[in-house]
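> Once you've had a glance at the structure underneath, I'll fire off some questions.
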Amino acid sequence: MDGGAGRWCESQPEAVPYRGHCFVQRAELLLLHGRWDEALEEANRAREWYSSPRPRPGLGEALYIAAELQRRRGELSQAEEAYREAARWQRVPRPGFALLRLAQGQVAAARAAARQVSEAAHDDASRAPVLEACVEISLAAGDAPAARRSADELLAIARRLGGAFLAGLSARATGAVRLAEGEIAGTLAELRAALGAFRDLSAPYEVARTQVQLARACEADGVPDLAAVERDAAA
């Protein structure tokens, strides 16, 4: 996965101007595939590269990846510091900062942050992760209609752009909304589709998040034993 990219970067001395970008891309791939310690190493390499001999564009992206990893690990104070530092280097911390506020239990602040980044993200590629965050935050706030609007827009983007990852994000978001709306059968179908997409991509964190949603759906369907199985698998 990352070995080919790494070998190419190391074997191309004339590609020095792009080395920081290589570090960032490798960090993103390692983050997706659950190799978090290695992802942090690559993000730190990118940070060092973009900081020397003076700070340059790209530093914010490296800091954002580190913040995302820390948020997922539950290191919330460190994540907040990294998000703020990324913003100082021209990397708008979306949608991670809104999800950080949600993880801190600040639902109103999370909604406000999500609304701001949604208004600033105009192209499909930028809007997709923001919309997924909007679904999660709207549901936490008890606003199922807003979550439905975000999920429907995410579905439209996934259909336009294609790709397994977007399909997984869209199916999971739609499943979560259907669960909130009480449509259990539709929920299970969407979440199983999302689970298959993320497994095919070898994305363990996304698999685990989807299994947590499946556990909730199984509980709502009156099957606590299956819910326990999904929670154990997610853990």
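The way I read the labels, and the way they are meant: chains A, B, ... in the order of the structure tokens, residue 1 as the first residue of every chain, and ligand 1 as the first ligand shown, with later ones counted on from there.
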Within 7 Å of Pro95 (chain A), counting only C-alpha atoms, which residues qualify if same-chain residues fewer than 4 places away don't, as a ChimeraX atom specification?

/A:99,114,117,129-130,133

> Write out, as a short mmCIF file (atom, residue, chain, number, x, y, z; two decimals), in the first residue's frame, the residues just selected, with N, CA and C atoms.


data_model
loop_
_atom_site.label_atom_id
_atom_site.label_comp_id
_atom_site.auth_asym_id
_atom_site.auth_seq_id
_atom_site.Cartn_x
_atom_site.Cartn_y
_atom_site.Cartn_z
N LEU A 99 -16.40 17.50 14.88
CA LEU A 99 -16.51 16.19 15.52
C LEU A 99 -15.79 16.17 16.87
N ALA A 114 -20.14 22.69 12.41
CA ALA A 114 -20.52 21.94 11.21
C ALA A 114 -21.23 22.83 10.20
N VAL A 117 -18.57 25.03 8.41
CA VAL A 117 -17.74 24.34 7.41
C VAL A 117 -18.59 23.88 6.23
N PRO A 129 -17.12 14.55 3.27
CA PRO A 129 -16.84 14.28 4.68
C PRO A 129 -17.56 15.24 5.63
N VAL A 130 -17.78 16.46 5.17
CA VAL A 130 -18.52 17.43 6.00
C VAL A 130 -19.96 16.96 6.19
N ALA A 133 -20.25 14.20 8.71
CA ALA A 133 -20.18 14.76 10.06
C ALA A 133 -21.49 15.44 10.44
#

> For Ala233 (chain A), work out the shell of residues within 10 Å, counting only C-alpha atoms and skipping chain neighbours fewer than 3 positions away, then give it as a VMD selection string.

chain A and resid 207 to 208 211 to 212 215 227 to 230

> Output the selection as a PDB file, in the first residue's frame - C-alpha atoms for each residue.


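Okay, result_17.pdb is ready:
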ATOM      1  CA  VAL A 207     -15.513  -1.053   9.998  1.00  0.00           C
ATOM      2  CA  ALA A 208     -15.669  -0.674  13.787  1.00  0.00           C
ATOM      3  CA  GLN A 211     -20.412  -2.272  13.643  1.00  0.00           C
ATOM      4  CA  VAL A 212     -21.334   0.055  16.510  1.00  0.00           C
ATOM      5  CA  ALA A 215     -25.284  -3.026  17.246  1.00  0.00           C
ATOM      6  CA  ALA A 227     -25.975  -6.459  19.122  1.00  0.00           C
ATOM      7  CA  ALA A 228     -23.459  -7.902  21.598  1.00  0.00           C
ATOM      8  CA  VAL A 229     -21.672  -9.730  18.781  1.00  0.00           C
ATOM      9  CA  GLU A 230     -21.326  -6.518  16.768  1.00  0.00           C
TER      10      GLU A 230
END

> Given the choices A:Arg209, A:Ala109, A:Arg71, A:Trp89, which gets closest to Ser51 (chain A) if the distance is worked out from only C-alpha atoms?

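Closest candidate: A:Trp89.
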
> As a PyMOL selection string, list the residues of region 25-174 of chain A assigned to alpha helix (DSSP H) by DSSP on the backbone atoms of this structure.

chain A and resi 25-32+36-51+59-73+76-88+96-103+107-120+124-140+144-161+164-174

> For the selection you just gave me, I'd like the residues written to a file as a tab-separated table (two decimals), in the first residue's frame, keeping C-alpha atoms.


chain	number	residue	atom	x	y	z
A	25	GLN	CA	-0.45	11.12	1.29
A	26	ARG	CA	1.20	8.16	2.99
A	27	ALA	CA	-0.03	9.37	6.38
A	28	GLU	CA	-3.59	9.54	5.05
A	29	LEU	CA	-3.39	6.01	3.64
A	30	LEU	CA	-1.90	4.61	6.84
A	31	LEU	CA	-4.63	6.34	8.85
A	32	LEU	CA	-7.31	4.75	6.67
A	36	TRP	CA	-1.98	4.74	13.32
A	37	ASP	CA	1.51	4.78	14.82
A	38	GLU	CA	3.01	4.75	11.33
A	39	ALA	CA	0.53	7.40	10.19
A	40	LEU	CA	1.67	9.68	13.00
A	41	GLU	CA	5.30	9.09	12.04
A	42	GLU	CA	4.59	10.12	8.46
A	43	ALA	CA	2.59	13.16	9.58
A	44	ASN	CA	5.51	14.19	11.79
A	45	ARG	CA	7.92	13.72	8.89
A	46	ALA	CA	5.69	15.96	6.77
A	47	ARG	CA	5.54	18.50	9.59
A	48	GLU	CA	9.33	18.58	9.86
A	49	TRP	CA	9.70	18.83	6.09
A	50	TYR	CA	7.31	21.75	5.78
A	51	SER	CA	8.81	23.51	8.84
A	59	LEU	CA	2.31	22.36	7.18
A	60	GLY	CA	-1.36	22.75	8.05
A	61	GLU	CA	-2.25	19.52	6.24
A	62	ALA	CA	0.30	17.55	8.25
A	63	LEU	CA	-1.01	19.05	11.48
A	64	TYR	CA	-4.60	18.23	10.51
A	65	ILE	CA	-3.77	14.55	10.01
A	66	ALA	CA	-2.12	14.41	13.42
A	67	ALA	CA	-5.21	16.05	14.93
A	68	GLU	CA	-7.52	13.54	13.27
A	69	LEU	CA	-5.51	10.65	14.67
A	70	GLN	CA	-5.49	12.14	18.17
A	71	ARG	CA	-9.25	12.72	18.05
A	72	ARG	CA	-9.86	9.12	17.07
A	73	ARG	CA	-7.65	7.93	19.92
A	76	LEU	CA	-9.03	15.37	22.78
A	77	SER	CA	-6.94	18.17	24.28
A	78	GLN	CA	-3.98	17.29	22.04
A	79	ALA	CA	-6.30	17.09	19.04
A	80	GLU	CA	-7.74	20.53	19.77
A	81	GLU	CA	-4.27	22.04	19.93
A	82	ALA	CA	-3.31	20.41	16.62
A	83	TYR	CA	-6.53	21.55	14.90
A	84	ARG	CA	-5.92	25.12	16.02
A	85	GLU	CA	-2.31	24.97	14.84
A	86	ALA	CA	-3.45	23.59	11.48
A	87	ALA	CA	-5.86	26.50	11.13
A	88	ARG	CA	-3.02	28.95	11.75
A	96	GLY	CA	-12.62	17.25	12.39
A	97	PHE	CA	-13.05	20.24	14.70
A	98	ALA	CA	-16.84	19.89	14.68
A	99	LEU	CA	-16.51	16.19	15.52
A	100	LEU	CA	-14.08	17.08	18.28
A	101	ARG	CA	-16.69	19.33	19.87
A	102	LEU	CA	-19.20	16.47	19.60
A	103	ALA	CA	-16.76	14.10	21.32
A	107	VAL	CA	-23.41	19.44	20.81
A	108	ALA	CA	-24.48	23.04	20.17
A	109	ALA	CA	-20.89	24.07	19.44
A	110	ALA	CA	-20.51	21.03	17.18
A	111	ARG	CA	-23.61	22.06	15.21
A	112	ALA	CA	-22.35	25.61	14.82
A	113	ALA	CA	-18.94	24.42	13.63
A	114	ALA	CA	-20.52	21.94	11.21
A	115	ARG	CA	-22.79	24.64	9.79
A	116	GLN	CA	-19.84	26.95	9.18
A	117	VAL	CA	-17.74	24.34	7.41
A	118	SER	CA	-20.74	23.19	5.37
A	119	GLU	CA	-21.25	26.72	4.11
A	120	ALA	CA	-17.56	26.96	3.18
A	124	ASP	CA	-18.31	17.53	-3.98
A	125	ALA	CA	-14.99	16.17	-2.71
A	126	SER	CA	-14.87	18.75	0.09
A	127	ARG	CA	-18.52	18.44	1.02
A	128	ALA	CA	-18.71	14.65	1.35
A	129	PRO	CA	-16.84	14.28	4.68
A	130	VAL	CA	-18.52	17.43	6.00
A	131	LEU	CA	-21.96	16.01	5.21
A	132	GLU	CA	-21.15	12.75	6.99
A	133	ALA	CA	-20.18	14.76	10.06
A	134	CYS	CA	-23.37	16.80	9.75
A	135	VAL	CA	-25.43	13.61	9.83
A	136	GLU	CA	-23.74	12.41	13.02
A	137	ILE	CA	-23.98	15.78	14.74
A	138	SER	CA	-27.60	16.41	13.70
A	139	LEU	CA	-28.64	13.02	15.04
A	140	ALA	CA	-26.85	13.71	18.33
A	144	ALA	CA	-33.49	13.85	12.19
A	145	PRO	CA	-34.82	16.04	9.32
A	146	ALA	CA	-31.50	17.91	9.10
A	147	ALA	CA	-29.65	14.60	9.21
A	148	ARG	CA	-31.84	13.29	6.38
A	149	ARG	CA	-31.05	16.31	4.20
A	150	SER	CA	-27.32	15.83	4.72
A	151	ALA	CA	-27.53	12.09	4.07
A	152	ASP	CA	-29.50	12.61	0.86
A	153	GLU	CA	-26.96	15.13	-0.41
A	154	LEU	CA	-24.12	12.76	0.49
A	155	LEU	CA	-25.87	9.98	-1.45
A	156	ALA	CA	-26.11	12.21	-4.51
A	157	ILE	CA	-22.40	13.03	-4.27
A	158	ALA	CA	-21.48	9.36	-3.86
A	159	ARG	CA	-23.42	8.52	-7.00
A	160	ARG	CA	-21.76	11.30	-8.97
A	161	LEU	CA	-18.20	10.61	-7.88
A	164	ALA	CA	-16.15	2.36	-2.54
A	165	PHE	CA	-15.23	4.72	0.28
A	166	LEU	CA	-17.88	7.30	-0.58
A	167	ALA	CA	-20.40	4.51	-1.08
A	168	GLY	CA	-19.60	3.25	2.41
A	169	LEU	CA	-19.89	6.70	3.98
A	170	SER	CA	-23.21	7.31	2.26
A	171	ALA	CA	-24.68	3.93	3.19
A	172	ARG	CA	-23.66	4.32	6.83
A	173	ALA	CA	-25.08	7.85	7.01
A	174	THR	CA	-28.36	6.75	5.41

> Between CA of His33 (chain A) and CA of Leu179 (chain A), what is the spacing in Å?

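Between CA of Leu179 (chain A) and CA of His33 (chain A) the gap is 27.5 Å.
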
> Env of Gly182 (chain A): 10 Å cut, atoms = only C-alpha atoms, seq-sep filter 6 positions within chain, self excluded. Answer as a list in words.

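Contacts, with the query itself left out: Ala176, Ala217, Ala220 and Asp221 of chain A.
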
> In Å to one decimal, how far is CA of Arg35 (chain A) from CA of Gly196 (chain A)?

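So the answer is 19.9 Å.
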
> Just how far from CA of Gly34 (chain A) is CA of Pro204 (chain A), in Å to one decimal?

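Separation of CA of Pro204 (chain A) and CA of Gly34 (chain A): 5.8 Å.
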